[in-house]
file query-v9.pdb (PDB, C-alpha atoms)
MODEL        1
ATOM      1  CA  MET E 213      57.721 -54.614  12.526
ATOM      2  CA  LYS E 214      56.094 -57.480  14.427
ATOM      3  CA  THR E 215      55.064 -60.598  12.523
ATOM      4  CA  GLU E 216      51.461 -60.283  13.687
ATOM      5  CA  THR E 217      51.290 -56.738  12.330
ATOM      6  CA  ILE E 218      52.704 -57.771   8.943
ATOM      7  CA  ILE E 219      50.246 -60.671   8.661
ATOM      8  CA  ALA E 220      47.358 -58.354   9.444
ATOM      9  CA  GLU E 221      48.630 -55.893   6.829
ATOM     10  CA  ALA E 222      48.959 -58.714   4.288
ATOM     11  CA  LEU E 223      45.322 -59.737   4.646
ATOM     12  CA  GLN E 224      44.186 -56.122   4.522
ATOM     13  CA  HIS E 225      46.276 -55.727   1.363
ATOM     14  CA  ILE E 226      44.161 -58.351  -0.418
ATOM     15  CA  GLY E 227      40.871 -57.113   0.947
ATOM     16  CA  ASP E 228      40.318 -59.651   3.712
ATOM     17  CA  SER E 229      39.313 -57.577   6.743
ATOM     18  CA  SER E 230      37.826 -60.519   8.635
ATOM     19  CA  ALA E 231      39.277 -61.574  11.969
ATOM     20  CA  ILE E 232      42.464 -63.653  12.028
ATOM     21  CA  LEU E 233      41.535 -66.807  13.918
ATOM     22  CA  GLN E 234      45.056 -68.210  14.100
ATOM     23  CA  TYR E 235      48.474 -68.182  12.499
ATOM     24  CA  LYS E 236      51.406 -70.500  12.970
ATOM     25  CA  ARG E 237      54.861 -70.848  11.523
ATOM     26  CA  VAL E 238      55.375 -73.632   8.995
ATOM     27  CA  TYR E 239      58.713 -75.099   7.998
ATOM     28  CA  GLY E 240      60.295 -76.516   4.877
ATOM     29  CA  GLY E 241      62.444 -73.743   3.384
ATOM     30  CA  ASP E 242      65.321 -71.732   4.807
ATOM     31  CA  ILE E 243      64.882 -68.479   2.878
ATOM     32  CA  ASN E 244      61.721 -66.874   4.240
ATOM     33  CA  GLU E 245      59.516 -66.926   7.286
ATOM     34  CA  ALA E 246      56.388 -68.851   6.317
ATOM     35  CA  PHE E 247      53.015 -69.014   8.025
ATOM     36  CA  PHE E 248      49.691 -70.775   7.863
ATOM     37  CA  VAL E 249      47.091 -68.069   8.436
ATOM     38  CA  GLN E 250      43.422 -68.784   9.041
ATOM     39  CA  SER E 251      41.032 -65.874   8.808
ATOM     40  CA  GLU E 252      37.287 -66.019   9.156
ATOM     41  CA  ARG E 253      37.132 -66.020   5.373
ATOM     42  CA  GLN E 254      39.685 -68.701   4.407
ATOM     43  CA  PRO E 255      43.191 -70.136   5.016
ATOM     44  CA  TYR E 256      46.326 -68.617   3.459
ATOM     45  CA  PHE E 257      50.018 -69.326   3.072
ATOM     46  CA  VAL E 258      51.977 -66.160   3.825
ATOM     47  CA  LYS E 259      55.690 -65.649   3.214
ATOM     48  CA  ILE E 260      57.521 -62.812   4.916
ATOM     49  CA  ARG E 261      61.079 -61.610   4.502
ATOM     50  CA  HIS E 262      62.975 -58.635   5.905
ATOM     51  CA  SER E 263      65.750 -57.035   3.803
ATOM     52  CA  LEU E 264      64.669 -58.856   0.679
ATOM     53  CA  PRO E 265      66.448 -58.502  -2.681
ATOM     54  CA  PRO E 266      64.773 -56.271  -5.302
ATOM     55  CA  ARG E 267      61.505 -57.697  -6.674
ATOM     56  CA  PHE E 268      62.150 -60.982  -4.875
ATOM     57  CA  PHE E 269      58.538 -61.903  -4.130
ATOM     58  CA  GLN E 270      57.291 -60.272  -7.315
ATOM     59  CA  CYS E 271      59.515 -62.597  -9.339
ATOM     60  CA  GLU E 272      58.082 -65.599  -7.513
ATOM     61  CA  ALA E 273      54.555 -64.368  -8.172
ATOM     62  CA  THR E 274      55.363 -63.859 -11.853
ATOM     63  CA  GLY E 275      56.785 -67.374 -12.053
ATOM     64  CA  LEU E 276      53.704 -68.918 -10.461
ATOM     65  CA  GLU E 277      51.396 -66.969 -12.757
ATOM     66  CA  THR E 278      53.427 -68.042 -15.798
ATOM     67  CA  LEU E 279      53.082 -71.692 -14.794
ATOM     68  CA  ARG E 280      49.385 -71.265 -14.052
ATOM     69  CA  LYS E 281      48.675 -69.702 -17.451
ATOM     70  CA  ALA E 282      50.337 -72.663 -19.168
ATOM     71  CA  ASN E 283      47.366 -74.718 -17.937
ATOM     72  CA  ALA E 284      49.553 -77.818 -17.648
ATOM     73  CA  ILE E 285      50.150 -78.235 -13.932
ATOM     74  CA  ASN E 286      48.675 -76.962 -10.678
ATOM     75  CA  VAL E 287      50.269 -74.141  -8.703
ATOM     76  CA  PRO E 288      48.948 -72.195  -5.697
ATOM     77  CA  SER E 289      46.920 -69.107  -6.573
ATOM     78  CA  VAL E 290      48.696 -65.812  -5.939
ATOM     79  CA  TYR E 291      46.490 -63.514  -3.862
ATOM     80  CA  GLY E 292      48.856 -60.606  -3.406
ATOM     81  CA  VAL E 293      52.398 -59.344  -3.012
ATOM     82  CA  LYS E 294      53.945 -56.239  -1.482
ATOM     83  CA  GLU E 295      57.557 -55.153  -1.113
ATOM     84  CA  THR E 296      58.977 -52.180   0.777
ATOM     85  CA  ASN E 297      62.510 -51.106   1.650
ATOM     86  CA  ASP E 298      62.238 -52.936   4.978
ATOM     87  CA  TYR E 299      60.170 -56.061   4.336
ATOM     88  CA  GLY E 300      57.924 -57.848   1.900
ATOM     89  CA  PHE E 301      55.209 -60.461   1.864
ATOM     90  CA  LEU E 302      53.593 -62.879  -0.570
ATOM     91  CA  ILE E 303      50.107 -64.281   0.045
ATOM     92  CA  LEU E 304      49.272 -67.608  -1.585
ATOM     93  CA  GLU E 305      46.538 -70.204  -1.585
ATOM     94  CA  TRP E 306      46.926 -72.732   1.222
ATOM     95  CA  ILE E 307      47.452 -76.216  -0.254
ATOM     96  CA  GLU E 308      47.048 -79.347   1.836
ATOM     97  CA  GLY E 309      46.438 -83.013   1.085
ATOM     98  CA  GLU E 310      47.740 -86.567   1.170
ATOM     99  CA  GLU E 311      49.542 -88.496  -1.556
ATOM    100  CA  THR E 312      47.675 -91.273  -3.302
ATOM    101  CA  SER E 313      48.890 -94.138  -5.472
ATOM    102  CA  LYS E 314      48.313 -91.874  -8.504
ATOM    103  CA  THR E 315      50.188 -88.773  -7.311
ATOM    104  CA  ALA E 316      53.586 -89.619  -8.805
ATOM    105  CA  GLU E 317      52.014 -90.541 -12.129
ATOM    106  CA  GLN E 318      49.976 -87.345 -12.200
ATOM    107  CA  LEU E 319      53.124 -85.329 -11.465
ATOM    108  CA  GLY E 320      55.022 -87.005 -14.308
ATOM    109  CA  TYR E 321      52.257 -86.370 -16.805
ATOM    110  CA  ALA E 322      51.830 -82.763 -15.655
ATOM    111  CA  VAL E 323      55.543 -81.891 -15.854
ATOM    112  CA  ALA E 324      55.678 -83.429 -19.330
ATOM    113  CA  ARG E 325      52.705 -81.314 -20.406
ATOM    114  CA  LEU E 326      54.446 -78.256 -18.986
ATOM    115  CA  HIS E 327      57.512 -79.046 -21.066
ATOM    116  CA  GLN E 328      55.320 -79.144 -24.153
ATOM    117  CA  CYS E 329      54.518 -75.462 -23.620
ATOM    118  CA  TYR E 330      57.044 -73.738 -25.861
ATOM    119  CA  GLY E 331      58.329 -70.188 -25.810
ATOM    120  CA  PRO E 332      59.595 -67.878 -28.559
ATOM    121  CA  SER E 333      63.257 -68.332 -27.582
ATOM    122  CA  PHE E 334      65.426 -69.537 -24.710
ATOM    123  CA  GLY E 335      65.301 -67.442 -21.564
ATOM    124  CA  PHE E 336      62.634 -65.331 -19.946
ATOM    125  CA  VAL E 337      61.164 -61.847 -20.090
ATOM    126  CA  GLU E 338      62.908 -60.772 -16.863
ATOM    127  CA  ASP E 339      65.711 -61.748 -14.524
ATOM    128  CA  ASN E 340      64.606 -63.677 -11.467
ATOM    129  CA  TYR E 341      66.069 -65.752  -8.640
ATOM    130  CA  ILE E 342      67.067 -69.292  -7.818
ATOM    131  CA  GLY E 343      66.915 -69.403  -4.057
ATOM    132  CA  LEU E 344      68.386 -66.052  -3.026
ATOM    133  CA  LEU E 345      70.790 -65.931  -5.968
ATOM    134  CA  PRO E 346      70.013 -63.653  -8.918
ATOM    135  CA  GLN E 347      69.271 -65.569 -12.105
ATOM    136  CA  LYS E 348      70.103 -63.836 -15.390
ATOM    137  CA  ASN E 349      67.719 -64.166 -18.310
ATOM    138  CA  GLY E 350      67.042 -62.344 -21.565
ATOM    139  CA  TRP E 351      66.205 -64.005 -24.888
ATOM    140  CA  TYR E 352      68.583 -66.240 -26.852
ATOM    141  CA  GLU E 353      68.038 -68.085 -30.113
ATOM    142  CA  ASN E 354      70.665 -70.690 -29.242
ATOM    143  CA  TRP E 355      70.343 -72.973 -26.199
ATOM    144  CA  VAL E 356      74.102 -73.518 -25.856
ATOM    145  CA  ASP E 357      74.752 -69.773 -25.717
ATOM    146  CA  TYR E 358      71.993 -69.284 -23.158
ATOM    147  CA  TYR E 359      73.213 -72.114 -20.946
ATOM    148  CA  ARG E 360      76.776 -70.803 -21.084
ATOM    149  CA  GLU E 361      76.074 -67.095 -20.601
ATOM    150  CA  CYS E 362      72.985 -67.063 -18.365
ATOM    151  CA  ARG E 363      73.446 -70.179 -16.278
ATOM    152  CA  LEU E 364      77.029 -71.387 -15.939
ATOM    153  CA  LEU E 365      79.014 -68.146 -16.264
ATOM    154  CA  PRO E 366      77.123 -66.110 -13.618
ATOM    155  CA  GLN E 367      77.549 -68.915 -11.078
ATOM    156  CA  ILE E 368      81.242 -69.281 -11.903
ATOM    157  CA  GLU E 369      81.789 -65.537 -11.475
ATOM    158  CA  LEU E 370      79.887 -65.522  -8.184
ATOM    159  CA  ALA E 371      81.960 -68.453  -6.912
ATOM    160  CA  GLU E 372      85.095 -66.473  -7.736
ATOM    161  CA  GLN E 373      83.794 -63.516  -5.717
ATOM    162  CA  LYS E 374      83.105 -65.853  -2.799
ATOM    163  CA  GLY E 375      86.584 -67.426  -2.975
ATOM    164  CA  ARG E 376      85.232 -70.811  -4.045
ATOM    165  CA  MET E 377      86.872 -71.031  -7.445
ATOM    166  CA  PRO E 378      90.491 -72.247  -7.188
ATOM    167  CA  ALA E 379      92.565 -71.896 -10.352
ATOM    168  CA  ARG E 380      92.409 -75.584 -11.263
ATOM    169  CA  ARG E 381      88.598 -75.607 -11.036
ATOM    170  CA  ARG E 382      88.332 -72.362 -12.996
ATOM    171  CA  ASN E 383      90.636 -73.649 -15.731
ATOM    172  CA  LYS E 384      88.567 -76.783 -16.163
ATOM    173  CA  LEU E 385      85.357 -74.778 -16.282
ATOM    174  CA  GLU E 386      86.823 -72.550 -18.985
ATOM    175  CA  LYS E 387      87.646 -75.638 -21.051
ATOM    176  CA  LEU E 388      84.137 -76.915 -20.538
ATOM    177  CA  LEU E 389      82.524 -73.607 -21.493
ATOM    178  CA  ALA E 390      84.493 -73.624 -24.737
ATOM    179  CA  SER E 391      83.285 -77.109 -25.685
ATOM    180  CA  LEU E 392      79.623 -77.203 -24.624
ATOM    181  CA  GLU E 393      78.566 -77.854 -28.221
ATOM    182  CA  ARG E 394      80.191 -81.257 -27.969
ATOM    183  CA  TRP E 395      77.502 -82.490 -25.551
ATOM    184  CA  LEU E 396      74.518 -80.167 -25.801
ATOM    185  CA  PRO E 397      72.000 -80.443 -28.647
ATOM    186  CA  GLU E 398      72.532 -78.135 -31.584
ATOM    187  CA  THR E 399      68.792 -77.703 -31.972
ATOM    188  CA  CYS E 400      66.041 -78.127 -29.389
ATOM    189  CA  SER E 401      62.794 -76.423 -28.492
ATOM    190  CA  PRO E 402      62.485 -73.886 -25.648
ATOM    191  CA  SER E 403      60.201 -75.621 -23.125
ATOM    192  CA  LEU E 404      58.660 -73.822 -20.193
ATOM    193  CA  LEU E 405      60.581 -75.011 -17.121
ATOM    194  CA  HIS E 406      59.885 -74.657 -13.421
ATOM    195  CA  GLY E 407      63.613 -74.019 -13.110
ATOM    196  CA  ASP E 408      64.191 -75.308  -9.557
ATOM    197  CA  LEU E 409      62.401 -78.645  -9.570
ATOM    198  CA  TRP E 410      63.761 -80.647  -6.663
ATOM    199  CA  GLY E 411      61.792 -82.860  -4.296
ATOM    200  CA  GLY E 412      61.005 -80.018  -1.906
ATOM    201  CA  ASN E 413      59.343 -77.880  -4.570
ATOM    202  CA  TRP E 414      56.324 -80.039  -5.235
ATOM    203  CA  ILE E 415      53.540 -80.576  -2.741
ATOM    204  CA  VAL E 416      50.243 -82.420  -2.596
ATOM    205  CA  GLY E 417      46.776 -80.935  -2.514
ATOM    206  CA  ALA E 418      43.290 -82.351  -2.151
ATOM    207  CA  ASN E 419      42.729 -85.826  -3.621
ATOM    208  CA  GLY E 420      46.478 -86.334  -3.997
ATOM    209  CA  VAL E 421      46.823 -83.784  -6.799
ATOM    210  CA  PRO E 422      50.421 -82.466  -7.163
ATOM    211  CA  TYR E 423      51.287 -78.759  -7.142
ATOM    212  CA  LEU E 424      54.538 -76.985  -8.003
ATOM    213  CA  ILE E 425      55.880 -74.216  -5.733
ATOM    214  CA  ASP E 426      58.884 -71.842  -5.536
ATOM    215  CA  PRO E 427      59.635 -71.559  -9.264
ATOM    216  CA  ALA E 428      62.619 -70.030 -11.038
ATOM    217  CA  VAL E 429      60.984 -70.124 -14.456
ATOM    218  CA  PHE E 430      62.511 -69.793 -17.886
ATOM    219  CA  TYR E 431      62.328 -71.471 -21.292
ATOM    220  CA  GLY E 432      65.040 -74.061 -21.825
ATOM    221  CA  HIS E 433      65.872 -77.613 -22.855
ATOM    222  CA  TYR E 434      63.503 -79.955 -21.029
ATOM    223  CA  GLU E 435      66.324 -82.377 -20.143
ATOM    224  CA  PHE E 436      67.867 -79.666 -17.967
ATOM    225  CA  GLU E 437      64.854 -79.885 -15.640
ATOM    226  CA  ILE E 438      64.743 -83.678 -15.595
ATOM    227  CA  ALA E 439      68.460 -83.846 -14.797
ATOM    228  CA  PHE E 440      67.914 -81.784 -11.655
ATOM    229  CA  THR E 441      65.091 -84.049 -10.476
ATOM    230  CA  GLU E 442      67.645 -86.855 -10.453
ATOM    231  CA  LEU E 443      70.344 -84.965  -8.559
ATOM    232  CA  PHE E 444      68.922 -85.017  -5.021
ATOM    233  CA  GLY E 445      66.029 -87.468  -5.359
ATOM    234  CA  GLY E 446      62.446 -86.953  -4.238
ATOM    235  CA  PHE E 447      60.841 -88.284  -7.413
ATOM    236  CA  PRO E 448      59.621 -91.898  -7.558
ATOM    237  CA  SER E 449      60.149 -94.175 -10.544
ATOM    238  CA  ARG E 450      56.512 -93.832 -11.608
ATOM    239  CA  PHE E 451      57.109 -90.102 -12.127
ATOM    240  CA  TYR E 452      59.752 -90.848 -14.773
ATOM    241  CA  GLU E 453      57.717 -93.610 -16.387
ATOM    242  CA  ALA E 454      54.707 -91.326 -16.768
ATOM    243  CA  TYR E 455      56.846 -88.417 -17.990
ATOM    244  CA  ASN E 456      58.525 -90.648 -20.574
ATOM    245  CA  GLU E 457      55.160 -91.674 -22.009
ATOM    246  CA  ILE E 458      54.581 -88.079 -23.116
ATOM    247  CA  MET E 459      58.139 -86.732 -23.470
ATOM    248  CA  PRO E 460      60.489 -89.631 -24.269
ATOM    249  CA  PHE E 461      64.074 -89.173 -23.122
ATOM    250  CA  SER E 462      66.491 -88.687 -26.010
ATOM    251  CA  SER E 463      69.362 -91.059 -26.670
ATOM    252  CA  GLY E 464      71.907 -88.449 -25.554
ATOM    253  CA  TYR E 465      70.269 -87.568 -22.250
ATOM    254  CA  HIS E 466      72.475 -89.712 -20.020
ATOM    255  CA  GLU E 467      75.589 -88.331 -21.722
ATOM    256  CA  ARG E 468      74.727 -84.736 -20.822
ATOM    257  CA  LYS E 469      72.759 -85.259 -17.602
ATOM    258  CA  GLN E 470      75.696 -84.422 -15.326
ATOM    259  CA  LEU E 471      76.518 -81.371 -17.432
ATOM    260  CA  TYR E 472      73.042 -80.032 -16.675
ATOM    261  CA  GLN E 473      73.382 -80.957 -13.010
ATOM    262  CA  LEU E 474      76.581 -78.904 -12.897
ATOM    263  CA  PHE E 475      74.589 -75.674 -12.819
ATOM    264  CA  TYR E 476      72.717 -76.721  -9.691
ATOM    265  CA  LEU E 477      75.914 -77.933  -8.045
ATOM    266  CA  LEU E 478      77.456 -74.507  -8.686
ATOM    267  CA  VAL E 479      74.344 -72.886  -7.178
ATOM    268  CA  HIS E 480      74.758 -75.043  -4.079
ATOM    269  CA  LEU E 481      78.476 -74.262  -3.978
ATOM    270  CA  ASN E 482      77.578 -70.565  -3.872
ATOM    271  CA  LEU E 483      74.770 -70.981  -1.357
ATOM    272  CA  PHE E 484      76.323 -73.492   1.032
ATOM    273  CA  GLY E 485      80.064 -73.519   0.449
ATOM    274  CA  GLU E 486      82.838 -75.954  -0.408
ATOM    275  CA  THR E 487      80.774 -78.931   0.750
ATOM    276  CA  TYR E 488      79.647 -79.073  -2.885
ATOM    277  CA  GLY E 489      83.093 -78.424  -4.388
ATOM    278  CA  SER E 490      84.006 -82.102  -4.735
ATOM    279  CA  ALA E 491      80.774 -82.780  -6.644
ATOM    280  CA  VAL E 492      81.551 -79.909  -9.030
ATOM    281  CA  ASP E 493      85.043 -81.302  -9.539
ATOM    282  CA  ARG E 494      83.698 -84.805 -10.270
ATOM    283  CA  VAL E 495      81.536 -83.434 -13.066
ATOM    284  CA  LEU E 496      84.486 -81.516 -14.491
ATOM    285  CA  ARG E 497      86.621 -84.671 -14.512
ATOM    286  CA  ARG E 498      83.824 -86.424 -16.364
ATOM    287  CA  TYR E 499      83.804 -83.878 -19.193
ATOM    288  CA  VAL E 500      87.315 -82.389 -19.384
ATOM    289  CA  GLY E 501      89.492 -84.988 -17.652
ATOM    290  CA  ASP E 502      92.204 -84.490 -15.021
ATOM    291  CA  ASN E 503      94.484 -82.168 -16.960
TER     292      ASN E 503
ENDMDL
END

call {"tool": "encode", "arguments": {"input": "query-v9.pdb", "output": "structure tokens"}}
result
Amino acid sequence: MKTETIIAEALQHIGDSSAILQYKRVYGGDINEAFFVQSERQPYFVKIRHSLPPRFFQCEATGLETLRKANAINVPSVYGVKETNDYGFLILEWIEGEETSKTAEQLGYAVARLHQCYGPSFGFVEDNYIGLLPQKNGWYENWVDYYRECRLLPQIELAEQKGRMPARRRNKLEKLLASLERWLPETCSPSLLHGDLWGGNWIVGANGVPYLIDPAVFYGHYEFEIAFTELFGGFPSRFYEAYNEIMPFSSGYHERKQLYQLFYLLVHLNLFGETYGSAVDRVLRRYVGDN
């Protein structure tokens, strides 16, 4: 089906039958086709994907709505979603603005407030996605068990299927999985996490106000999220200063930071290949040595 036809269907789906004045492709991600759409009524951000995984856009919509209901940080409004066997689309509020001198501070405060929204247990009500990769959830009373069984193990098994798990790497990961309690906190609270918080997943709206996009939500240890913000950059020092005013970093954070980053390195290993293998191996040397 032609893009123009799908965009027209998307607006009809949410009850906007006004004329489409313009649409243009926008860039930033590599997973979906994305468009700025201006109708006579208002502007929209429309994502389109052919051959999408089951409930792919619905999971994103659920994640955005979960963050919105927390009333801690801004996210684009979800106007509608539809998925068929051949294609799907997600219609969101169009967000546009310029950073101000307060944006980084506002982002730090808002993420900290989000992490003060606590769930009943670790995990989430449904499985979802990180990028295009399925992300296992469920509910766990113990953070170490959840991190082992729902985060590290599925990525390790996927890497094996993709031929990216040589025996030496697998052996070290097995040692690490058996000793997670050595580094991870025995008790912590299940904070609501964005789940995929890198520099490309926050944007700026009117008056410099920050918004989060493209979530992979679940309830987990807040340090897990902060560790990922440090992996690829994109967060200024004022973000961390502001965050720390509300949610002070624990004394053990720097000891386990790379262990939390390991999950995202495994995700990138599975998405992009052996380019990330050396980074995975560096983390393993840090925690289990060279043997």

call {"tool": "residues_around", "arguments": {"input": "query-v9.pdb", "residues": "Ser403 in chain E", "least_positions_apart": "3", "cutoff": "7 Å", "atoms": "all atoms listed in the file", "output": "CSV table (one decimal) with C-alpha atoms, in the coordinates of the input"}}
result
chain,number,residue,atom,x,y,z
E,327,HIS,CA,57.5,-79.0,-21.1
E,328,GLN,CA,55.3,-79.1,-24.2
E,329,CYS,CA,54.5,-75.5,-23.6
E,330,TYR,CA,57.0,-73.7,-25.9
E,331,GLY,CA,58.3,-70.2,-25.8
E,431,TYR,CA,62.3,-71.5,-21.3
E,432,GLY,CA,65.0,-74.1,-21.8
E,433,HIS,CA,65.9,-77.6,-22.9
E,434,TYR,CA,63.5,-80.0,-21.0

call {"tool": "closest_atom_pairs", "arguments": {"input": "query-v9.pdb", "of": "range 231-341 of chain E", "to": "range 478-495 of chain E", "cutoff": "12 Å", "atoms": "only C-alpha atoms", "output": "CSV"}}
result
residue,atom,partner,partner_atom,distance
E:Asp242,CA,E:Leu483,CA,11.3
E:Ile243,CA,E:Leu483,CA,11.0
E:Tyr341,CA,E:Val479,CA,11.0

call {"tool": "resolve_selection", "arguments": {"input": "query-v9.pdb", "expression": "the PyMOL selection byres ((chain E and resi 285-302) around 9)", "output": "JSON, numbers by chain"}}
result
{"E": [213, 218, 219, 222, 223, 225, 226, 256, 257, 258, 259, 260, 261, 262, 263, 264, 266, 267, 268, 269, 270, 272, 273, 276, 277, 279, 280, 282, 283, 284, 303, 304, 305, 306, 307, 319, 321, 322, 323, 325, 326, 421, 422, 423, 424, 425]}

call {"tool": "resolve_selection", "arguments": {"input": "query-v9.pdb", "expression": "the PyMOL selection byres ((chain E and resi 310) around 12)", "output": "list in words"}}
result
Ile307, Glu308, Gly309, Glu311, Thr312, Ser313, Lys314, Thr315, Ala316, Ile415, Val416, Gly417, Ala418, Asn419, Gly420, Val421, Pro422 and Tyr423 of chain E

call {"tool": "atom_distance", "arguments": {"input": "query-v9.pdb", "atom1": "CA of Leu365 in chain E", "atom2": "CA of Gln470 in chain E"}}
result
16.6 Å

call {"tool": "resolve_selection", "arguments": {"input": "query-v9.pdb", "expression": "the PyMOL selection byres ((chain E and resi 357) around 12)", "output": "ChimeraX atom specification"}}
result
/E:333-335,349-356,358-365,389-393,396-399,432

call {"tool": "axis_aligned_box", "arguments": {"input": "query-v9.pdb", "around": "range 258-275 of chain E", "padding_each_side": "6 Å", "output": "JSON"}}
result
{"center_x": 59.2, "center_y": -61.8, "center_z": -3.1, "size_x": 26.5, "size_y": 23.1, "size_z": 30.0}

call {"tool": "atom_distance", "arguments": {"input": "query-v9.pdb", "atom1": "CA of Asp502 in chain E", "atom2": "CA of Arg394 in chain E"}}
result
18.0 Å

call {"tool": "residues_around", "arguments": {"input": "query-v9.pdb", "residues": "Gln234 in chain E", "least_positions_apart": "6", "cutoff": "9 Å", "atoms": "only C-alpha atoms", "output": "PDB file with C-alpha atoms, in the frame of the given file"}}
result
ATOM      1  CA  PHE E 248      49.691 -70.775   7.863  1.00  0.00           C
ATOM      2  CA  VAL E 249      47.091 -68.069   8.436  1.00  0.00           C
ATOM      3  CA  GLN E 250      43.422 -68.784   9.041  1.00  0.00           C
ATOM      4  CA  SER E 251      41.032 -65.874   8.808  1.00  0.00           C
TER       5      SER E 251
END

call {"tool": "residues_around", "arguments": {"input": "query-v9.pdb", "residues": "Lys384 in chain E", "least_positions_apart": "3", "cutoff": "7 Å", "atoms": "all atoms listed in the file", "output": "CSV table (one decimal) with C-alpha atoms, keeping the file's coordinate frame"}}
result
chain,number,residue,atom,x,y,z
E,380,ARG,CA,92.4,-75.6,-11.3
E,381,ARG,CA,88.6,-75.6,-11.0
E,387,LYS,CA,87.6,-75.6,-21.1
E,388,LEU,CA,84.1,-76.9,-20.5
E,496,LEU,CA,84.5,-81.5,-14.5
E,500,VAL,CA,87.3,-82.4,-19.4

call {"tool": "residues_around", "arguments": {"input": "query-v9.pdb", "residues": "Asp426 in chain E", "least_positions_apart": "5", "cutoff": "9 Å", "atoms": "only C-alpha atoms", "output": "list in words"}}
result
Glu272, Gly275, Leu276, Ile342, Gly343, His406, Asp408, Leu409, Asn413 and Trp414 of chain E

call {"tool": "atom_distance", "arguments": {"input": "query-v9.pdb", "atom1": "CA of Phe336 in chain E", "atom2": "CA of Phe430 in chain E"}}
result
4.9 Å

call {"tool": "residues_around", "arguments": {"input": "query-v9.pdb", "residues": "Ala220 in chain E", "least_positions_apart": "6", "cutoff": "10 Å", "atoms": "all atoms listed in the file", "output": "ChimeraX atom specification"}}
result
/E:228-232,249,251

call {"tool": "closest_residue", "arguments": {"input": "query-v9.pdb", "among": "E:Pro255, E:Pro346, E:Pro332, E:Pro448", "to": "Pro366 in chain E", "atoms": "only C-alpha atoms"}}
result
E:Pro346

call {"tool": "closest_residue", "arguments": {"input": "query-v9.pdb", "among": "E:Leu233, E:Gln318, E:Thr441, E:Ala379", "to": "Arg253 in chain E", "atoms": "all atoms listed in the file"}}
result
E:Leu233

call {"tool": "closest_residue", "arguments": {"input": "query-v9.pdb", "among": "E:Glu221, E:Pro378, E:Glu437, E:Ile458", "to": "Leu404 in chain E", "atoms": "only C-alpha atoms"}}
result
E:Glu437

call {"tool": "decode", "arguments": {"input": "query-v9.pdb", "residues": "range 376-389 of chain E", "atoms": "N, CA and C atoms", "output": "PDB file, in the first residue's frame"}}
result
ATOM      1  N   ARG E 376      26.708 -15.304  17.698  1.00  0.00           N
ATOM      2  CA  ARG E 376      27.523 -14.231  18.268  1.00  0.00           C
ATOM      3  C   ARG E 376      27.899 -14.513  19.722  1.00  0.00           C
ATOM      4  N   MET E 377      27.939 -15.800  20.066  1.00  0.00           N
ATOM      5  CA  MET E 377      28.234 -16.176  21.432  1.00  0.00           C
ATOM      6  C   MET E 377      29.273 -17.294  21.444  1.00  0.00           C
ATOM      7  N   PRO E 378      30.550 -16.970  21.180  1.00  0.00           N
ATOM      8  CA  PRO E 378      31.596 -17.992  21.246  1.00  0.00           C
ATOM      9  C   PRO E 378      31.672 -18.598  22.643  1.00  0.00           C
ATOM     10  N   ALA E 379      32.232 -19.788  22.727  1.00  0.00           N
ATOM     11  CA  ALA E 379      32.229 -20.552  23.981  1.00  0.00           C
ATOM     12  C   ALA E 379      32.845 -19.777  25.128  1.00  0.00           C
ATOM     13  N   ARG E 380      33.956 -19.092  24.872  1.00  0.00           N
ATOM     14  CA  ARG E 380      34.623 -18.350  25.951  1.00  0.00           C
ATOM     15  C   ARG E 380      33.718 -17.254  26.503  1.00  0.00           C
ATOM     16  N   ARG E 381      33.024 -16.550  25.616  1.00  0.00           N
ATOM     17  CA  ARG E 381      32.100 -15.488  26.058  1.00  0.00           C
ATOM     18  C   ARG E 381      30.933 -16.102  26.833  1.00  0.00           C
ATOM     19  N   ARG E 382      30.395 -17.200  26.314  1.00  0.00           N
ATOM     20  CA  ARG E 382      29.268 -17.846  26.988  1.00  0.00           C
ATOM     21  C   ARG E 382      29.667 -18.345  28.368  1.00  0.00           C
ATOM     22  N   ASN E 383      30.850 -18.926  28.483  1.00  0.00           N
ATOM     23  CA  ASN E 383      31.302 -19.432  29.779  1.00  0.00           C
ATOM     24  C   ASN E 383      31.434 -18.312  30.803  1.00  0.00           C
ATOM     25  N   LYS E 384      31.960 -17.184  30.368  1.00  0.00           N
ATOM     26  CA  LYS E 384      32.083 -16.055  31.288  1.00  0.00           C
ATOM     27  C   LYS E 384      30.721 -15.515  31.702  1.00  0.00           C
ATOM     28  N   LEU E 385      29.796 -15.466  30.750  1.00  0.00           N
ATOM     29  CA  LEU E 385      28.453 -15.000  31.076  1.00  0.00           C
ATOM     30  C   LEU E 385      27.771 -15.938  32.060  1.00  0.00           C
ATOM     31  N   GLU E 386      27.987 -17.240  31.922  1.00  0.00           N
ATOM     32  CA  GLU E 386      27.401 -18.178  32.869  1.00  0.00           C
ATOM     33  C   GLU E 386      27.951 -17.956  34.268  1.00  0.00           C
ATOM     34  N   LYS E 387      29.245 -17.685  34.371  1.00  0.00           N
ATOM     35  CA  LYS E 387      29.837 -17.371  35.678  1.00  0.00           C
ATOM     36  C   LYS E 387      29.223 -16.100  36.259  1.00  0.00           C
ATOM     37  N   LEU E 388      29.036 -15.120  35.396  1.00  0.00           N
ATOM     38  CA  LEU E 388      28.465 -13.864  35.860  1.00  0.00           C
ATOM     39  C   LEU E 388      27.025 -14.055  36.322  1.00  0.00           C
ATOM     40  N   LEU E 389      26.234 -14.786  35.547  1.00  0.00           N
ATOM     41  CA  LEU E 389      24.842 -15.016  35.926  1.00  0.00           C
ATOM     42  C   LEU E 389      24.726 -15.697  37.289  1.00  0.00           C
TER      43      LEU E 389
END
